[in-house]
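**Student:** Dropping in protein.cif, which is mmCIF, N, CA and C atoms:
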data_model
#
loop_
_atom_site.group_PDB
_atom_site.id
_atom_site.type_symbol
_atom_site.label_atom_id
_atom_site.label_comp_id
_atom_site.auth_asym_id
_atom_site.auth_seq_id
_atom_site.Cartn_x
_atom_site.Cartn_y
_atom_site.Cartn_z
ATOM 1 N N MET A 531 -0.360 19.383 -2.187
ATOM 2 C CA MET A 531 0.213 18.063 -2.079
ATOM 3 C C MET A 531 0.090 17.368 -3.442
ATOM 4 N N ARG A 532 1.147 16.721 -3.865
ATOM 5 C CA ARG A 532 1.144 16.007 -5.136
ATOM 6 C C ARG A 532 0.313 14.737 -5.020
ATOM 7 N N PRO A 533 -0.294 14.307 -6.115
ATOM 8 C CA PRO A 533 -1.144 13.106 -6.049
ATOM 9 C C PRO A 533 -0.419 11.855 -5.554
ATOM 10 N N TRP A 534 0.821 11.638 -5.966
ATOM 11 C CA TRP A 534 1.537 10.440 -5.528
ATOM 12 C C TRP A 534 1.922 10.525 -4.065
ATOM 13 N N THR A 535 2.097 11.735 -3.559
ATOM 14 C CA THR A 535 2.469 11.905 -2.150
ATOM 15 C C THR A 535 1.305 11.552 -1.240
ATOM 16 N N ARG A 536 0.103 11.809 -1.709
ATOM 17 C CA ARG A 536 -1.083 11.503 -0.917
ATOM 18 C C ARG A 536 -1.189 10.007 -0.635
ATOM 19 N N TRP A 537 -0.753 9.176 -1.571
ATOM 20 C CA TRP A 537 -0.851 7.730 -1.411
ATOM 21 C C TRP A 537 0.392 7.115 -0.783
ATOM 22 N N LEU A 538 1.470 7.881 -0.686
ATOM 23 C CA LEU A 538 2.735 7.336 -0.185
ATOM 24 C C LEU A 538 2.626 6.859 1.261
ATOM 25 N N TRP A 539 2.098 7.684 2.152
ATOM 26 C CA TRP A 539 2.028 7.325 3.578
ATOM 27 C C TRP A 539 1.087 6.161 3.849
ATOM 28 N N PRO A 540 -0.109 6.118 3.244
ATOM 29 C CA PRO A 540 -0.950 4.925 3.486
ATOM 30 C C PRO A 540 -0.321 3.629 2.969
ATOM 31 N N VAL A 541 0.330 3.692 1.821
ATOM 32 C CA VAL A 541 0.972 2.496 1.278
ATOM 33 C C VAL A 541 2.145 2.075 2.169
ATOM 34 N N ALA A 542 2.924 3.039 2.621
ATOM 35 C CA ALA A 542 4.039 2.723 3.524
ATOM 36 C C ALA A 542 3.521 2.158 4.847
ATOM 37 N N GLY A 543 2.426 2.701 5.329
ATOM 38 C CA GLY A 543 1.827 2.194 6.567
ATOM 39 C C GLY A 543 1.331 0.767 6.412
ATOM 40 N N LEU A 544 0.666 0.493 5.293
ATOM 41 C CA LEU A 544 0.202 -0.878 5.049
ATOM 42 C C LEU A 544 1.367 -1.851 4.909
ATOM 43 N N ALA A 545 2.436 -1.411 4.265
ATOM 44 C CA ALA A 545 3.620 -2.273 4.135
ATOM 45 C C ALA A 545 4.234 -2.563 5.504
ATOM 46 N N ALA A 546 4.301 -1.550 6.356
ATOM 47 C CA ALA A 546 4.857 -1.738 7.697
ATOM 48 C C ALA A 546 3.990 -2.686 8.530
ATOM 49 N N VAL A 547 2.674 -2.543 8.415
ATOM 50 C CA VAL A 547 1.770 -3.446 9.132
ATOM 51 C C VAL A 547 1.924 -4.870 8.618
ATOM 52 N N PHE A 548 2.038 -5.024 7.302
ATOM 53 C CA PHE A 548 2.221 -6.359 6.725
ATOM 54 C C PHE A 548 3.497 -7.015 7.235
ATOM 55 N N VAL A 549 4.590 -6.260 7.262
ATOM 56 C CA VAL A 549 5.864 -6.804 7.741
ATOM 57 C C VAL A 549 5.768 -7.166 9.224
ATOM 58 N N ALA A 550 5.124 -6.304 10.014
ATOM 59 C CA ALA A 550 4.993 -6.569 11.445
ATOM 60 C C ALA A 550 4.170 -7.833 11.698
ATOM 61 N N VAL A 551 3.033 -7.948 11.041
ATOM 62 C CA VAL A 551 2.174 -9.119 11.239
ATOM 63 C C VAL A 551 2.875 -10.383 10.738
ATOM 64 N N SER A 552 3.552 -10.275 9.614
ATOM 65 C CA SER A 552 4.273 -11.439 9.090
ATOM 66 C C SER A 552 5.355 -11.901 10.051
ATOM 67 N N SER A 553 6.084 -10.961 10.625
ATOM 68 C CA SER A 553 7.148 -11.353 11.557
ATOM 69 C C SER A 553 6.572 -11.962 12.833
ATOM 70 N N ILE A 554 5.420 -11.476 13.274
ATOM 71 C CA ILE A 554 4.784 -12.072 14.456
ATOM 72 C C ILE A 554 4.331 -13.495 14.160
ATOM 73 N N VAL A 555 3.756 -13.713 12.979
ATOM 74 C CA VAL A 555 3.320 -15.059 12.596
ATOM 75 C C VAL A 555 4.513 -16.009 12.528
ATOM 76 N N VAL A 556 5.600 -15.553 11.919
ATOM 77 C CA VAL A 556 6.798 -16.399 11.826
ATOM 78 C C VAL A 556 7.363 -16.676 13.216
ATOM 79 N N ALA A 557 7.356 -15.676 14.083
ATOM 80 C CA ALA A 557 7.868 -15.869 15.443
ATOM 81 C C ALA A 557 7.041 -16.908 16.198
ATOM 82 N N ILE A 558 5.731 -16.854 16.024
ATOM 83 C CA ILE A 558 4.874 -17.832 16.701
ATOM 84 C C ILE A 558 5.133 -19.231 16.158
ATOM 85 N N ARG A 559 5.278 -19.345 14.843
ATOM 86 C CA ARG A 559 5.529 -20.663 14.244
ATOM 87 C C ARG A 559 6.871 -21.237 14.674
ATOM 88 N N GLN A 560 7.884 -20.372 14.783
ATOM 89 C CA GLN A 560 9.223 -20.833 15.157
ATOM 90 C C GLN A 560 9.388 -20.966 16.659
ATOM 91 N N GLY A 561 8.539 -20.307 17.414
ATOM 92 C CA GLY A 561 8.687 -20.316 18.863
ATOM 93 C C GLY A 561 9.913 -19.536 19.296
ATOM 94 N N SER A 562 10.226 -18.471 18.565
ATOM 95 C CA SER A 562 11.435 -17.699 18.812
ATOM 96 C C SER A 562 11.145 -16.207 18.661
ATOM 97 N N TRP A 563 11.922 -15.394 19.372
ATOM 98 C CA TRP A 563 11.795 -13.937 19.262
ATOM 99 C C TRP A 563 12.634 -13.371 18.124
ATOM 100 N N ALA A 564 13.451 -14.185 17.487
ATOM 101 C CA ALA A 564 14.385 -13.708 16.463
ATOM 102 C C ALA A 564 13.723 -12.939 15.316
ATOM 103 N N PRO A 565 12.598 -13.393 14.757
ATOM 104 C CA PRO A 565 11.991 -12.620 13.662
ATOM 105 C C PRO A 565 11.516 -11.227 14.102
ATOM 106 N N ILE A 566 11.012 -11.120 15.317
ATOM 107 C CA ILE A 566 10.549 -9.823 15.812
ATOM 108 C C ILE A 566 11.735 -8.900 16.070
ATOM 109 N N ILE A 567 12.801 -9.444 16.610
ATOM 110 C CA ILE A 567 14.001 -8.645 16.858
ATOM 111 C C ILE A 567 14.614 -8.176 15.540
ATOM 112 N N ALA A 568 14.525 -9.006 14.508
ATOM 113 C CA ALA A 568 15.115 -8.655 13.214
ATOM 114 C C ALA A 568 14.427 -7.457 12.562
ATOM 115 N N VAL A 569 13.138 -7.264 12.806
ATOM 116 C CA VAL A 569 12.419 -6.134 12.197
ATOM 117 C C VAL A 569 12.112 -5.034 13.220
ATOM 118 N N GLY A 570 12.716 -5.103 14.380
ATOM 119 C CA GLY A 570 12.461 -4.123 15.435
ATOM 120 C C GLY A 570 12.896 -2.707 15.100
ATOM 121 N N TRP A 571 13.783 -2.548 14.138
ATOM 122 C CA TRP A 571 14.264 -1.217 13.764
ATOM 123 C C TRP A 571 13.270 -0.472 12.876
ATOM 124 N N ILE A 572 12.332 -1.156 12.262
ATOM 125 C CA ILE A 572 11.411 -0.513 11.315
ATOM 126 C C ILE A 572 10.549 0.566 11.970
ATOM 127 N N PRO A 573 9.939 0.341 13.139
ATOM 128 C CA PRO A 573 9.145 1.421 13.746
ATOM 129 C C PRO A 573 9.953 2.686 14.025
ATOM 130 N N ALA A 574 11.201 2.533 14.412
ATOM 131 C CA ALA A 574 12.036 3.704 14.670
ATOM 132 C C ALA A 574 12.275 4.508 13.404
ATOM 133 N N VAL A 575 12.495 3.825 12.300
ATOM 134 C CA VAL A 575 12.706 4.513 11.029
ATOM 135 C C VAL A 575 11.424 5.218 10.574
ATOM 136 N N VAL A 576 10.283 4.555 10.736
ATOM 137 C CA VAL A 576 9.007 5.160 10.347
ATOM 138 C C VAL A 576 8.729 6.411 11.165
ATOM 139 N N VAL A 577 8.929 6.340 12.468
ATOM 140 C CA VAL A 577 8.688 7.502 13.337
ATOM 141 C C VAL A 577 9.642 8.637 12.989
ATOM 142 N N ALA A 578 10.893 8.323 12.755
ATOM 143 C CA ALA A 578 11.864 9.369 12.414
ATOM 144 C C ALA A 578 11.528 10.023 11.075
ATOM 145 N N ALA A 579 11.138 9.229 10.101
ATOM 146 C CA ALA A 579 10.797 9.784 8.780
ATOM 147 C C ALA A 579 9.513 10.591 8.842
ATOM 148 N N TRP A 580 8.517 10.102 9.562
ATOM 149 C CA TRP A 580 7.241 10.788 9.653
ATOM 150 C C TRP A 580 7.388 12.099 10.403
ATOM 151 N N GLY A 581 8.157 12.106 11.473
ATOM 152 C CA GLY A 581 8.398 13.330 12.237
ATOM 153 C C GLY A 581 9.136 14.369 11.419
ATOM 154 N N GLY A 582 10.095 13.949 10.601
ATOM 155 C CA GLY A 582 10.837 14.872 9.750
ATOM 156 C C GLY A 582 9.962 15.491 8.685
ATOM 157 N N ALA A 583 9.027 14.717 8.159
ATOM 158 C CA ALA A 583 8.117 15.239 7.134
ATOM 159 C C ALA A 583 7.194 16.290 7.726
ATOM 160 N N ARG A 584 6.735 16.074 8.943
ATOM 161 C CA ARG A 584 5.843 17.051 9.568
ATOM 162 C C ARG A 584 6.594 18.312 9.956
ATOM 163 N N ARG A 585 7.812 18.155 10.436
ATOM 164 C CA ARG A 585 8.588 19.323 10.864
ATOM 165 C C ARG A 585 8.938 20.227 9.690
ATOM 166 N N SER A 586 9.140 19.661 8.523
ATOM 167 C CA SER A 586 9.577 20.462 7.388
ATOM 168 C C SER A 586 8.477 21.382 6.860
ATOM 169 N N ARG A 587 7.213 21.106 7.188
ATOM 170 C CA ARG A 587 6.115 21.937 6.702
ATOM 171 C C ARG A 587 5.724 23.040 7.672
ATOM 172 N N ARG A 588 6.302 23.060 8.850
ATOM 173 C CA ARG A 588 5.952 24.086 9.829
ATOM 174 C C ARG A 588 6.598 25.416 9.470
ATOM 175 N N PRO A 589 5.880 26.511 9.663
ATOM 176 C CA PRO A 589 6.492 27.808 9.408
ATOM 177 C C PRO A 589 7.554 28.132 10.466
ATOM 178 N N SER A 590 8.430 29.001 10.113
ATOM 179 C CA SER A 590 9.498 29.401 11.028
ATOM 180 C C SER A 590 8.910 30.137 12.224
ATOM 181 N N ARG A 591 9.510 29.958 13.387
ATOM 182 C CA ARG A 591 9.061 30.683 14.579
ATOM 183 C C ARG A 591 9.309 32.174 14.462
ATOM 184 N N HIS A 592 10.354 32.532 13.719
ATOM 185 C CA HIS A 592 10.738 33.928 13.617
ATOM 186 C C HIS A 592 9.983 34.644 12.508
ATOM 187 N N GLY A 593 9.197 33.924 11.756
ATOM 188 C CA GLY A 593 8.352 34.529 10.741
ATOM 189 C C GLY A 593 9.056 34.988 9.472
ATOM 190 N N GLY A 594 10.243 34.519 9.238
ATOM 191 C CA GLY A 594 10.934 34.925 8.020
ATOM 192 C C GLY A 594 12.180 34.122 7.792
ATOM 193 N N ALA A 595 13.081 34.726 7.049
ATOM 194 C CA ALA A 595 14.336 34.060 6.751
ATOM 195 C C ALA A 595 15.167 33.928 8.019
ATOM 196 N N ALA A 596 16.122 33.013 7.957
ATOM 197 C CA ALA A 596 16.981 32.810 9.124
ATOM 198 C C ALA A 596 17.781 34.078 9.410
ATOM 199 N N GLY A 597 17.845 34.392 10.667
ATOM 200 C CA GLY A 597 18.675 35.534 11.010
ATOM 201 C C GLY A 597 18.041 36.452 11.873
#
How does this structure look as structure tokens?
**Tutor:**
Amino acid sequence: MRPWTRWLWPVAGLAAVFVAVSSIVVAIRQGSWAPIIAVGWIPAVVVAAWGGARRSRRPSRHGGAAG
């Protein structure tokens, strides 16, 4: 694993947590669900990206090249 890759996921996770907490605080202050709805797509993108990264490192079921 490259050194910058090791820090990529924790930094991305902290950024996602910051955005989530910020949107919750704004929603509470405004008394509206709009800020939470506006950032609701972020968890889906994180899960899709994280799942793709894990899948790409798995060895092939067939034990070799495609075919």
**Student:** To one decimal in Å, tell me the separation between atom CA of Ile554 of chain A and atom CA of Trp539 of chain A.
**Tutor:**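 About the pair atom CA of Ile554 of chain A and atom CA of Trp539 of chain A: they are 22.4 Å apart.
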**Student:** Might you spell out which residues the PyMOL selection byres (((chain A and resi 572 and name CA) around 12) and name CA) would select in the displayed file, as a list of chain:residue names?
**Tutor:**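 Answer for the PyMOL selection byres (((chain A and resi 572 and name CA) around 12) and name CA): A:Ala542, A:Gly543, A:Ala545, A:Ala546, A:Val547, A:Phe548, A:Val549, A:Ala550, A:Ser553, A:Ile566, A:Ile567, A:Ala568, A:Val569, A:Gly570, A:Trp571, A:Pro573, A:Ala574, A:Val575, A:Val576, A:Val577, A:Ala578, A:Ala579.
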**Student:** Can you work out the spacing between atom C of Trp563 of chain A and atom CA of Val551 of chain A in Å, to one decimal?
**Tutor:**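 A separation of 13.2 Å between them.
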**Student:** So the first atom is atom CA of Arg532 of chain A and the second is atom CA of Trp580 of chain A; what is the distance between them in Å, to one decimal place?
**Tutor:**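 Between atom CA of Arg532 of chain A and atom CA of Trp580 of chain A the gap works out to 16.8 Å.
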